[in-house]
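Enquirer: One file is attached below, data-v7.txt, containing compact mmCIF, C-alpha atoms.
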# COMPACT_ATOMS: atom_id res chain seq x y z
CA MET A 1 35.19 109.67 171.30
CA PRO A 2 31.44 110.35 171.77
CA PRO A 3 29.17 107.35 171.31
CA SER A 4 27.45 107.59 167.97
CA VAL A 5 23.74 107.12 167.67
CA GLU A 6 22.23 105.78 164.49
CA SER A 7 18.55 106.46 164.88
CA GLU A 8 18.46 109.67 166.88
CA ALA A 9 20.14 112.81 165.66
CA PRO A 10 22.83 114.01 168.06
CA PRO A 11 23.39 117.77 168.16
CA LEU A 12 25.60 118.75 165.25
CA ALA A 13 28.96 120.41 165.78
CA ARG A 14 30.36 123.42 163.96
CA ALA A 15 33.23 122.67 161.59
CA SER A 16 36.35 124.79 161.66
CA LEU A 17 38.12 125.27 158.32
CA ARG A 18 41.28 123.80 159.79
CA ALA A 19 39.44 120.65 160.88
CA LEU A 20 37.74 120.36 157.46
CA PHE A 21 41.10 120.56 155.74
CA TYR A 22 42.71 118.07 158.08
CA GLU A 23 39.90 115.49 157.96
CA PHE A 24 39.68 115.47 154.18
CA LEU A 25 43.44 115.40 153.81
CA LYS A 26 43.47 112.32 156.02
CA ILE A 27 40.61 110.66 154.15
CA SER A 28 42.35 111.32 150.85
CA LEU A 29 45.79 110.09 151.86
CA LEU A 30 44.59 107.03 153.76
CA GLY A 31 41.42 106.12 151.89
CA PHE A 32 42.65 104.01 148.96
CA GLY A 33 39.21 103.70 147.43
CA GLY A 34 37.55 103.29 150.80
CA GLY A 35 37.01 107.04 151.06
CA ILE A 36 33.25 106.85 151.59
CA ALA A 37 33.72 104.65 154.66
CA LEU A 38 36.32 106.98 156.16
CA ALA A 39 34.29 110.07 155.28
CA ARG A 40 31.14 108.77 156.97
CA ARG A 41 33.13 107.75 160.02
CA ALA A 42 34.79 111.16 160.33
CA VAL A 43 31.95 113.45 159.29
CA VAL A 44 28.95 111.70 160.88
CA GLU A 45 30.30 109.69 163.80
CA ARG A 46 33.43 111.40 165.03
CA ARG A 47 33.03 115.09 164.21
CA ARG A 48 29.22 115.16 164.01
CA TRP A 49 29.24 117.82 161.31
CA LEU A 50 26.39 116.15 159.41
CA SER A 51 23.59 113.81 160.45
CA ASP A 52 23.42 110.41 158.79
CA THR A 53 20.47 111.71 156.75
CA ASP A 54 22.45 114.74 155.53
CA PHE A 55 25.33 112.46 154.61
CA VAL A 56 23.09 110.17 152.56
CA ASP A 57 21.65 113.28 150.98
CA ALA A 58 25.07 114.51 149.84
CA LEU A 59 26.02 111.03 148.69
CA THR A 60 22.84 110.75 146.65
CA LEU A 61 23.44 114.08 144.95
CA CYS A 62 27.00 113.04 144.09
CA GLN A 63 25.83 109.73 142.61
CA PHE A 64 23.60 111.65 140.24
CA MET A 65 26.30 114.07 139.10
CA PRO A 66 29.38 113.48 136.96
CA GLY A 67 32.87 113.48 138.36
CA PRO A 68 34.92 111.77 141.05
CA ASN A 69 32.19 111.10 143.64
CA VAL A 70 34.33 111.14 146.76
CA VAL A 71 35.67 114.59 145.85
CA GLY A 72 31.99 115.49 145.59
CA ILE A 73 31.45 114.38 149.19
CA ALA A 74 34.28 116.68 150.28
CA VAL A 75 32.77 119.62 148.36
CA CYS A 76 29.25 118.96 149.69
CA VAL A 77 30.34 118.56 153.32
CA GLY A 78 32.43 121.74 153.03
CA THR A 79 29.51 123.60 151.46
CA LYS A 80 27.02 122.38 154.06
CA THR A 81 29.17 123.31 157.02
CA ARG A 82 31.01 126.46 155.89
CA GLY A 83 29.71 127.54 152.48
CA LEU A 84 32.12 128.39 149.66
CA ALA A 85 35.11 128.73 151.98
CA GLY A 86 34.34 125.27 153.37
CA ALA A 87 34.01 123.79 149.89
CA LEU A 88 37.36 125.23 148.82
CA THR A 89 39.04 124.12 152.04
CA ALA A 90 37.70 120.57 151.84
CA PHE A 91 38.73 120.45 148.17
CA ALA A 92 42.22 121.68 149.02
CA GLY A 93 42.55 119.03 151.71
CA PHE A 94 41.09 116.22 149.65
CA ALA A 95 42.42 116.90 146.16
CA ALA A 96 44.75 119.86 145.69
CA VAL A 97 47.37 119.20 148.36
CA PRO A 98 47.49 115.38 148.04
CA GLY A 99 47.47 115.80 144.26
CA ALA A 100 50.54 118.02 144.39
CA ILE A 101 52.35 115.63 146.74
CA GLY A 102 51.34 112.68 144.58
CA PHE A 103 52.54 114.38 141.42
CA THR A 104 55.96 114.96 142.93
CA LEU A 105 56.14 111.33 144.10
CA ALA A 106 54.99 110.13 140.69
CA LEU A 107 57.78 111.97 138.88
CA LEU A 108 60.30 110.46 141.31
CA TYR A 109 58.97 106.94 140.90
CA LEU A 110 58.15 107.07 137.20
CA GLY A 111 59.33 103.91 135.52
CA GLN A 112 59.49 101.81 138.66
CA THR A 113 55.83 101.05 139.21
CA GLN A 114 56.36 97.36 139.73
CA ILE A 115 58.06 97.45 143.14
CA PRO A 116 56.81 94.07 144.49
CA LEU A 117 56.44 95.10 148.14
CA VAL A 118 54.30 98.12 147.22
CA GLN A 119 52.19 95.94 144.95
CA ASN A 120 51.71 93.39 147.74
CA ILE A 121 50.70 95.97 150.31
CA LEU A 122 48.28 97.52 147.83
CA SER A 123 46.60 94.23 147.02
CA GLY A 124 45.81 93.82 150.73
CA ILE A 125 44.64 97.40 151.14
CA SER A 126 42.41 97.41 148.09
CA ALA A 127 40.68 94.22 149.22
CA ALA A 128 39.93 95.85 152.58
CA ALA A 129 38.84 99.11 150.93
CA ALA A 130 36.33 97.22 148.78
CA GLY A 131 34.96 95.50 151.88
CA LEU A 132 34.71 98.82 153.73
CA MET A 133 32.65 100.29 150.92
CA ILE A 134 30.29 97.30 150.95
CA GLY A 135 30.01 97.59 154.74
CA THR A 136 29.26 101.32 154.55
CA GLY A 137 26.45 100.77 152.05
CA LEU A 138 24.93 98.06 154.24
CA ARG A 139 25.28 100.23 157.29
CA LEU A 140 23.43 103.09 155.61
CA LEU A 141 20.74 100.60 154.61
CA ARG A 142 20.42 98.96 158.04
CA PRO A 143 18.03 101.46 159.69
CA HIS A 144 15.60 100.84 156.79
CA ARG A 145 15.76 97.05 156.78
CA ARG A 146 12.06 96.65 157.55
CA ASP A 147 10.96 98.89 154.69
CA PRO A 148 10.20 96.66 151.67
CA ARG A 149 10.20 99.58 149.22
CA ILE A 150 13.69 100.70 150.24
CA ILE A 151 15.08 97.16 150.30
CA THR A 152 13.62 96.44 146.85
CA PHE A 153 15.09 99.51 145.18
CA ALA A 154 18.45 99.13 146.90
CA ALA A 155 18.53 95.53 145.63
CA LEU A 156 17.59 96.60 142.09
CA ALA A 157 20.31 99.27 142.03
CA PHE A 158 22.85 96.78 143.39
CA GLY A 159 21.89 94.06 140.93
CA GLY A 160 21.79 96.41 137.97
CA LEU A 161 25.27 97.75 138.60
CA ALA A 162 27.19 94.86 140.18
CA ILE A 163 25.55 91.83 138.54
CA ALA A 164 23.90 92.91 135.28
CA LYS A 165 26.66 95.54 134.73
CA PHE A 166 24.38 98.20 133.28
CA GLN A 167 25.83 101.63 132.59
CA LEU A 168 25.28 103.78 135.67
CA LEU A 169 23.51 106.59 133.81
CA LEU A 170 21.18 104.18 132.03
CA LEU A 171 20.43 102.36 135.27
CA LEU A 172 19.58 105.61 137.05
CA LEU A 173 17.39 106.82 134.20
CA VAL A 174 15.35 103.62 134.49
CA LEU A 175 15.27 103.16 138.27
CA ALA A 176 14.82 106.76 139.43
CA PRO A 177 11.36 107.26 137.86
CA LEU A 178 10.23 103.81 139.04
CA SER A 179 11.41 104.59 142.54
CA VAL A 180 9.63 107.96 142.54
CA ALA A 181 6.46 106.21 141.37
CA ALA A 182 6.76 103.63 144.16
CA THR A 183 7.29 106.38 146.74
CA VAL A 184 4.21 108.28 145.60
CA ILE A 185 2.02 105.17 145.29
CA THR A 186 2.96 103.70 148.66
CA GLY A 187 2.68 107.14 150.23
CA ALA A 188 6.02 106.60 151.93
CA LYS A 189 6.72 109.09 154.67
CA PRO A 190 9.72 111.15 153.60
CA ARG A 191 12.39 111.71 156.21
CA MET B 192 44.32 124.84 118.67
CA SER B 193 47.50 123.92 120.55
CA PRO B 194 47.81 120.42 122.00
CA LEU B 195 47.54 121.95 125.48
CA GLY B 196 44.28 123.68 124.60
CA ARG B 197 42.81 120.62 122.92
CA MET B 198 43.75 118.34 125.80
CA THR B 199 42.33 120.71 128.42
CA LEU B 200 39.10 121.13 126.51
CA TYR B 201 38.72 117.40 125.96
CA LEU B 202 39.44 116.44 129.58
CA GLY B 203 37.07 119.17 130.77
CA LEU B 204 34.36 117.77 128.54
CA MET B 205 34.99 114.20 129.68
CA SER B 206 34.97 115.09 133.39
CA SER B 207 31.68 116.94 132.87
CA ILE B 208 29.97 113.78 131.60
CA SER B 209 31.74 111.23 133.81
CA PHE B 210 28.71 109.83 135.60
CA GLY B 211 29.88 107.22 138.07
CA GLY B 212 33.38 108.66 138.24
CA ILE B 213 36.30 109.36 135.93
CA PRO B 214 36.99 105.65 135.24
CA SER B 215 33.73 105.60 133.25
CA VAL B 216 35.30 107.90 130.62
CA LEU B 217 38.82 106.47 130.84
CA PRO B 218 38.51 104.43 127.61
CA GLY B 219 37.52 107.58 125.72
CA ILE B 220 40.44 109.52 127.18
CA ARG B 221 42.83 106.73 126.22
CA ASP B 222 41.58 106.81 122.64
CA PHE B 223 42.02 110.56 122.47
CA VAL B 224 45.50 110.89 123.97
CA VAL B 225 47.03 107.63 122.70
CA MET B 226 45.29 106.80 119.41
CA THR B 227 44.02 110.10 118.01
CA ASN B 228 46.85 112.39 119.07
CA GLY B 229 49.76 110.12 119.92
CA TRP B 230 50.77 112.26 122.89
CA LEU B 231 51.41 109.11 124.93
CA THR B 232 52.20 105.50 124.11
CA ASP B 233 49.87 102.80 125.33
CA ARG B 234 52.60 101.80 127.75
CA ASP B 235 52.80 105.34 129.20
CA PHE B 236 49.06 105.27 129.72
CA ALA B 237 49.15 101.92 131.53
CA ASN B 238 52.13 103.01 133.64
CA PHE B 239 50.44 106.26 134.65
CA LEU B 240 47.31 104.36 135.63
CA ALA B 241 49.24 101.87 137.76
CA LEU B 242 51.26 104.66 139.31
CA ALA B 243 48.22 106.80 140.08
CA GLN B 244 46.59 103.84 141.81
CA THR B 245 49.71 103.20 143.87
CA ILE B 246 50.02 106.74 145.20
CA PRO B 247 47.64 107.86 147.97
CA GLY B 248 45.27 110.68 147.11
CA PRO B 249 42.81 111.47 144.32
CA ASN B 250 44.14 109.02 141.75
CA MET B 251 42.17 110.05 138.65
CA ILE B 252 43.07 113.73 139.10
CA LEU B 253 46.70 112.69 139.49
CA MET B 254 46.46 110.47 136.40
CA MET B 255 45.18 113.37 134.27
CA GLY B 256 47.92 115.57 135.72
CA LEU B 257 50.51 113.05 134.53
CA ILE B 258 48.93 112.94 131.07
CA GLY B 259 49.02 116.74 130.97
CA TRP B 260 52.65 116.71 132.04
CA LYS B 261 53.46 114.46 129.09
CA VAL B 262 51.60 116.79 126.70
CA ALA B 263 52.90 120.17 127.86
CA GLY B 264 55.16 119.86 130.89
CA PHE B 265 54.33 121.49 134.18
CA ILE B 266 51.64 123.83 132.80
CA GLY B 267 50.08 120.80 131.14
CA ALA B 268 49.99 118.95 134.45
CA ILE B 269 48.12 121.80 136.15
CA ALA B 270 45.77 122.08 133.16
CA GLY B 271 45.06 118.34 133.05
CA ALA B 272 44.37 118.07 136.79
CA SER B 273 42.23 121.23 136.78
CA ALA B 274 40.20 120.14 133.75
CA THR B 275 39.41 116.93 135.63
CA ALA B 276 38.55 118.47 138.99
CA VAL B 277 37.12 121.93 138.41
CA PRO B 278 34.04 121.30 136.22
CA PRO B 279 32.59 118.52 138.43
CA CYS B 280 33.43 120.38 141.65
CA THR B 281 31.70 123.51 140.37
CA MET B 282 28.67 121.38 139.58
CA TYR B 283 28.78 119.72 143.01
CA PHE B 284 28.95 123.12 144.69
CA ILE B 285 26.12 124.72 142.72
CA GLY B 286 24.07 121.53 142.75
CA TYR B 287 24.40 121.14 146.49
CA ARG B 288 23.53 124.78 147.17
CA LEU B 289 20.33 124.44 145.13
CA TRP B 290 19.49 121.07 146.64
CA ASP B 291 20.02 122.37 150.16
CA ARG B 292 18.04 125.57 149.54
CA PHE B 293 14.94 123.63 148.54
CA ARG B 294 15.35 120.90 151.14
CA ASP B 295 11.86 121.41 152.57
CA ALA B 296 10.05 121.52 149.24
CA ALA B 297 7.53 118.73 148.75
CA TRP B 298 9.11 117.56 145.49
CA GLN B 299 12.46 117.22 147.14
CA LYS B 300 11.13 115.15 150.01
CA ILE B 301 9.76 112.72 147.45
CA ALA B 302 13.01 112.81 145.46
CA ARG B 303 15.04 112.16 148.60
CA ALA B 304 12.85 109.29 149.77
CA SER B 305 13.03 107.77 146.27
CA LEU B 306 16.69 108.21 145.48
CA ALA B 307 18.25 107.28 148.83
CA PRO B 308 17.47 103.54 148.37
CA LEU B 309 19.26 103.66 145.01
CA THR B 310 22.27 105.26 146.73
CA PHE B 311 22.42 102.44 149.29
CA GLY B 312 22.38 99.85 146.51
CA LEU B 313 24.93 101.73 144.40
CA VAL B 314 27.42 102.06 147.28
CA VAL B 315 27.24 98.31 147.99
CA ALA B 316 27.53 97.65 144.24
CA GLY B 317 30.52 100.00 143.96
CA GLY B 318 32.30 98.06 146.68
CA THR B 319 31.38 94.78 145.02
CA VAL B 320 32.76 95.91 141.66
CA MET B 321 35.96 97.02 143.40
CA ALA B 322 36.16 93.63 145.10
CA GLN B 323 35.70 91.87 141.78
CA THR B 324 38.92 93.49 140.48
CA ALA B 325 40.84 93.60 143.76
CA ASP B 326 40.14 90.12 145.08
CA LYS B 327 42.41 87.78 143.16
CA SER B 328 42.76 85.17 145.94
CA TRP B 329 40.67 83.55 148.66
CA VAL B 330 42.62 85.49 151.26
CA ALA B 331 41.69 88.75 149.51
CA ILE B 332 38.02 87.72 149.42
CA GLY B 333 38.29 86.91 153.13
CA ILE B 334 39.79 90.35 153.83
CA SER B 335 36.97 92.10 151.95
CA ALA B 336 34.34 90.07 153.77
CA ALA B 337 35.98 90.63 157.15
CA ALA B 338 36.32 94.38 156.53
CA ALA B 339 32.63 94.65 155.60
CA ALA B 340 31.56 92.56 158.61
CA LEU B 341 33.75 94.41 161.11
CA LEU B 342 32.56 97.79 159.84
CA LEU B 343 28.97 96.66 160.34
CA ALA B 344 29.36 94.92 163.67
CA THR B 345 31.94 97.01 165.53
CA ARG B 346 33.04 100.60 166.08
CA LEU B 347 36.59 99.76 165.04
CA ASN B 348 38.28 102.60 163.15
CA PRO B 349 38.41 101.58 159.46
CA LEU B 350 42.03 102.75 159.31
CA TRP B 351 43.03 99.75 161.45
CA LEU B 352 41.39 97.45 158.93
CA LEU B 353 43.23 99.08 156.02
CA GLY B 354 46.49 98.89 157.97
CA ALA B 355 46.05 95.24 158.93
CA ALA B 356 45.19 94.31 155.36
CA GLY B 357 48.25 96.20 154.10
CA ALA B 358 50.40 94.26 156.59
CA LEU B 359 49.00 90.93 155.39
CA GLY B 360 49.82 92.06 151.86
CA ALA B 361 53.36 93.05 152.83
CA LEU B 362 53.89 89.54 154.20
CA GLY B 363 52.94 88.22 150.78
CA LEU B 364 49.83 86.50 152.06
CA VAL B 365 47.23 88.15 149.82
Transcribe the structure of this file into structure tokens.
Expert:
Amino acid sequence: MPPSVESEAPPLARASLRALFYEFLKISLLGFGGGIALARRAVVERRRWLSDTDFVDALTLCQFMPGPNVVGIAVCVGTKTRGLAGALTAFAGFAAVPGAIGFTLALLYLGQTQIPLVQNILSGISAAAAGLMIGTGLRLLRPHRRDPRIITFAALAFGGLAIAKFQLLLLLLVLAPLSVAATVITGAKPR
Amino acid sequence: MSPLGRMTLYLGLMSSISFGGIPSVLPGIRDFVVMTNGWLTDRDFANFLALAQTIPGPNMILMMGLIGWKVAGFIGAIAGASATAVPPCTMYFIGYRLWDRFRDAAWQKIARASLAPLTFGLVVAGGTVMAQTADKSWVAIGISAAAAALLLATRLNPLWLLGAAGALGALGLV
């Protein structure tokens, strides 16, 4: 595995459709809610299809649009690397194929959702998945830790959603204009 | 309109306004399919939700597929899953193309510099909200904290962390 660099941009690699399909299939089947962590690991660090900045960019766009956000990451990464064909391939890997498998499993298991062992395994996995998501957010934030503007708005978004429990759309409608104003006023250097 | 048509239209509408993910419109969907139309019982709805969360993969798309299956069989399942996935994915695709095309525009540099901090905060918050539901014991809280710390401090593959946590769960320790 190549060493990953956080501050400098390593040369990006070209994505094959097969690899796009395979990576997003894996993220979907093994993610259990920690999909963003696995996606960043695969797309930025391991495959080097996108820079960290591009990844944040796609993530930001997905946050501001409706729908299942992690599917959005798949579509955006596919679009960025291989256009429409890439988007469809990543979608097939992330949603269509696992969805079809899952549907078949669901019909087989319908009515026996309370298998204790499965429940126990899931309670462990979902705790880890939650932690992975927290870790990914902090990791994305880490290169900017000396920038008071970025830290302040990250903290406001965190507090508004996780502590004050505002509706996401409402929170964004309030914070986005304030954040734009702060960027313009402080003359922050855009990446 | 047929139940299939009404369901597809309604799910398509809901997925198109589901800022923050499908769970944000789940209460509305429940009202529509259980209360208004009686296509499912409340118990069906709860079972489908638990089942969808148990099965790996895109769980909300699967959940809507199961609802569709209950409404109109196999065709209903395809319609329900598509109504959930296709409108947002079309928007992601078009949105990303536009966003990428104007990536060097001055307005977008400001937008990017302003919105990225909110994304960082929202990802951490998303994980925290997940932890608030998932962590029912001190061991679970410890697992979440350890997973976050290890992801930050090491290059360990996150899959190992998920696997180890699943094993602790299987032993009944969580």
Enquirer: Env of Thr136 in chain A: 12 Å cut, atoms = all atoms listed in the file, seq-sep filter 2 positions within chain, self excluded. Answer as a ChimeraX atom specification.
Expert: /A:34-41,52,55-56,59,129-134,138-142 /B:310-319,338-344,349
Enquirer: Now that the selection is made, can you save its residues with C-alpha atoms as a short mmCIF file (atom, residue, chain, number, x, y, z; two decimals), in the coordinates of the input?
Expert:
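Written out: result-v1.cif:
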data_model
loop_
_atom_site.label_atom_id
_atom_site.label_comp_id
_atom_site.auth_asym_id
_atom_site.auth_seq_id
_atom_site.Cartn_x
_atom_site.Cartn_y
_atom_site.Cartn_z
CA GLY A 34 37.55 103.29 150.80
CA GLY A 35 37.01 107.04 151.06
CA ILE A 36 33.25 106.85 151.59
CA ALA A 37 33.72 104.65 154.66
CA LEU A 38 36.32 106.98 156.16
CA ALA A 39 34.29 110.07 155.28
CA ARG A 40 31.14 108.77 156.97
CA ARG A 41 33.13 107.75 160.02
CA ASP A 52 23.42 110.41 158.79
CA PHE A 55 25.33 112.46 154.61
CA VAL A 56 23.09 110.17 152.56
CA LEU A 59 26.02 111.03 148.69
CA ALA A 129 38.84 99.11 150.93
CA ALA A 130 36.33 97.22 148.78
CA GLY A 131 34.96 95.50 151.88
CA LEU A 132 34.71 98.82 153.73
CA MET A 133 32.65 100.29 150.92
CA ILE A 134 30.29 97.30 150.95
CA LEU A 138 24.93 98.06 154.24
CA ARG A 139 25.28 100.23 157.29
CA LEU A 140 23.43 103.09 155.61
CA LEU A 141 20.74 100.60 154.61
CA ARG A 142 20.42 98.96 158.04
CA THR B 310 22.27 105.26 146.73
CA PHE B 311 22.42 102.44 149.29
CA GLY B 312 22.38 99.85 146.51
CA LEU B 313 24.93 101.73 144.40
CA VAL B 314 27.42 102.06 147.28
CA VAL B 315 27.24 98.31 147.99
CA ALA B 316 27.53 97.65 144.24
CA GLY B 317 30.52 100.00 143.96
CA GLY B 318 32.30 98.06 146.68
CA THR B 319 31.38 94.78 145.02
CA ALA B 338 36.32 94.38 156.53
CA ALA B 339 32.63 94.65 155.60
CA ALA B 340 31.56 92.56 158.61
CA LEU B 341 33.75 94.41 161.11
CA LEU B 342 32.56 97.79 159.84
CA LEU B 343 28.97 96.66 160.34
CA ALA B 344 29.36 94.92 163.67
CA PRO B 349 38.41 101.58 159.46
#
Enquirer: Can you check which parts of chain B lie within 6 Å of chain A? Per residue, the shortest pair of atoms and distance in Å to one decimal, counting all atoms listed in the file, sorted by chain and number, as a Markdown table.
Expert:
| residue | atom | partner | partner_atom | distance |
| --- | --- | --- | --- | --- |
| B:Ser206 | CA | A:Gly67 | CA | 5.6 |
| B:Ser207 | CA | A:Pro66 | CA | 5.8 |
| B:Ile208 | CA | A:Pro66 | CA | 5.4 |
| B:Ser209 | CA | A:Pro66 | CA | 4.5 |
| B:Phe210 | CA | A:Pro66 | CA | 4.0 |
| B:Gly212 | CA | A:Pro68 | CA | 4.5 |
| B:Ile213 | CA | A:Pro68 | CA | 5.8 |
| B:Leu242 | CA | A:Thr113 | CA | 5.8 |
| B:Pro247 | CA | A:Leu29 | CA | 4.9 |
| B:Gly248 | CA | A:Ser28 | CA | 4.8 |
| B:Pro249 | CA | A:Ala95 | CA | 5.7 |
| B:Leu253 | CA | A:Gly99 | CA | 5.7 |
| B:Pro279 | CA | A:Gly67 | CA | 5.0 |
| B:Tyr283 | CA | A:Gly72 | CA | 5.9 |
| B:Lys300 | CA | A:Pro190 | CA | 5.6 |
| B:Ala304 | CA | A:Pro190 | CA | 5.3 |
| B:Ser305 | CA | A:Val180 | CA | 5.1 |
| B:Pro308 | CA | A:Ala154 | CA | 4.8 |
| B:Leu309 | CA | A:Ala154 | CA | 5.0 |
| B:Thr310 | CA | A:Thr60 | CA | 5.5 |
| B:Phe311 | CA | A:Gly137 | CA | 5.2 |
| B:Gly312 | CA | A:Ala154 | CA | 4.0 |
| B:Leu313 | CA | A:Phe158 | CA | 5.5 |
| B:Val314 | CA | A:Gly137 | CA | 5.0 |
| B:Val315 | CA | A:Ile134 | CA | 4.4 |
| B:Ala316 | CA | A:Phe158 | CA | 4.8 |
| B:Gly318 | CA | A:Ala130 | CA | 4.6 |
| B:Val320 | CA | A:Ala162 | CA | 5.9 |
| B:Met321 | CA | A:Ala130 | CA | 5.4 |
| B:Ala322 | CA | A:Ala130 | CA | 5.1 |
| B:Ala325 | CA | A:Ala127 | CA | 5.5 |
| B:Asp326 | CA | A:Ala127 | CA | 5.9 |
| B:Ala331 | CA | A:Ala127 | CA | 5.6 |
| B:Ile334 | CA | A:Ala128 | CA | 5.6 |
| B:Ser335 | CA | A:Gly131 | CA | 4.0 |
| B:Ala336 | CA | A:Gly131 | CA | 5.8 |
| B:Ala338 | CA | A:Gly131 | CA | 5.0 |
| B:Ala339 | CA | A:Gly135 | CA | 4.0 |
| B:Leu342 | CA | A:Gly135 | CA | 5.7 |
| B:Leu343 | CA | A:Gly135 | CA | 5.8 |
| B:Leu353 | CA | A:Ile125 | CA | 5.4 |
| B:Ala356 | CA | A:Gly124 | CA | 4.7 |
| B:Gly357 | CA | A:Ile121 | CA | 4.5 |
| B:Gly360 | CA | A:Ile121 | CA | 4.3 |
| B:Ala361 | CA | A:Ile121 | CA | 4.7 |
| B:Val365 | CA | A:Gly124 | CA | 5.9 |
Enquirer: Range 222-234 of chain B: which residues within 8 Å, counting all atoms listed in the file, same-chain residues fewer than 5 positions away excluded, as a VMD selection string?
Expert: chain B and resid 198 258 261 to 262
Enquirer: Grab the CA of Phe236 in chain B to CA of Arg221 in chain B distance for me, in Å with one decimal place.
Expert: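 Result for CA of Phe236 in chain B versus CA of Arg221 in chain B: 7.3 Å, one decimal.
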Enquirer: Grab the CA of Phe21 in chain A to CA of Thr89 in chain A distance for me, in Å with one decimal place.
Expert: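 So the answer is 5.5 Å.
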Enquirer: Separation of CA of Asp295 in chain B and CA of Thr281 in chain B, in Å?
Expert: 23.4 Å
Enquirer: Give me, as a list in words, all polymer residues having an atom no more than 9 Å from Arg82 in chain A, counting all atoms listed in the file and skipping those fewer than 6 positions away in the same chain.
Expert: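 My list of contacting residues is Arg14, Ala15, Ser16 and Leu17 of chain A.
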Enquirer: Leaving out Ala274 in chain B and any residue of its chain fewer than 2 positions from it, which residues lie within 8 Å of it when counting all atoms listed in the file, given as a list in words?
Expert: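 Once the adjacent positions are removed, what remains is Thr199, Leu200, Leu202, Gly203, Ser206, Ala270, Gly271, Ala272, Ala276, Val277 and Pro278 of chain B.
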Enquirer: So which one's closest to Ala337 in chain B, B:Ala241, B:Leu352, B:Ala302, B:Ala296? Using all atoms listed in the file, please.
Expert: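 Residue with the minimum atom-to-atom distance to Ala337 in chain B: B:Leu352.
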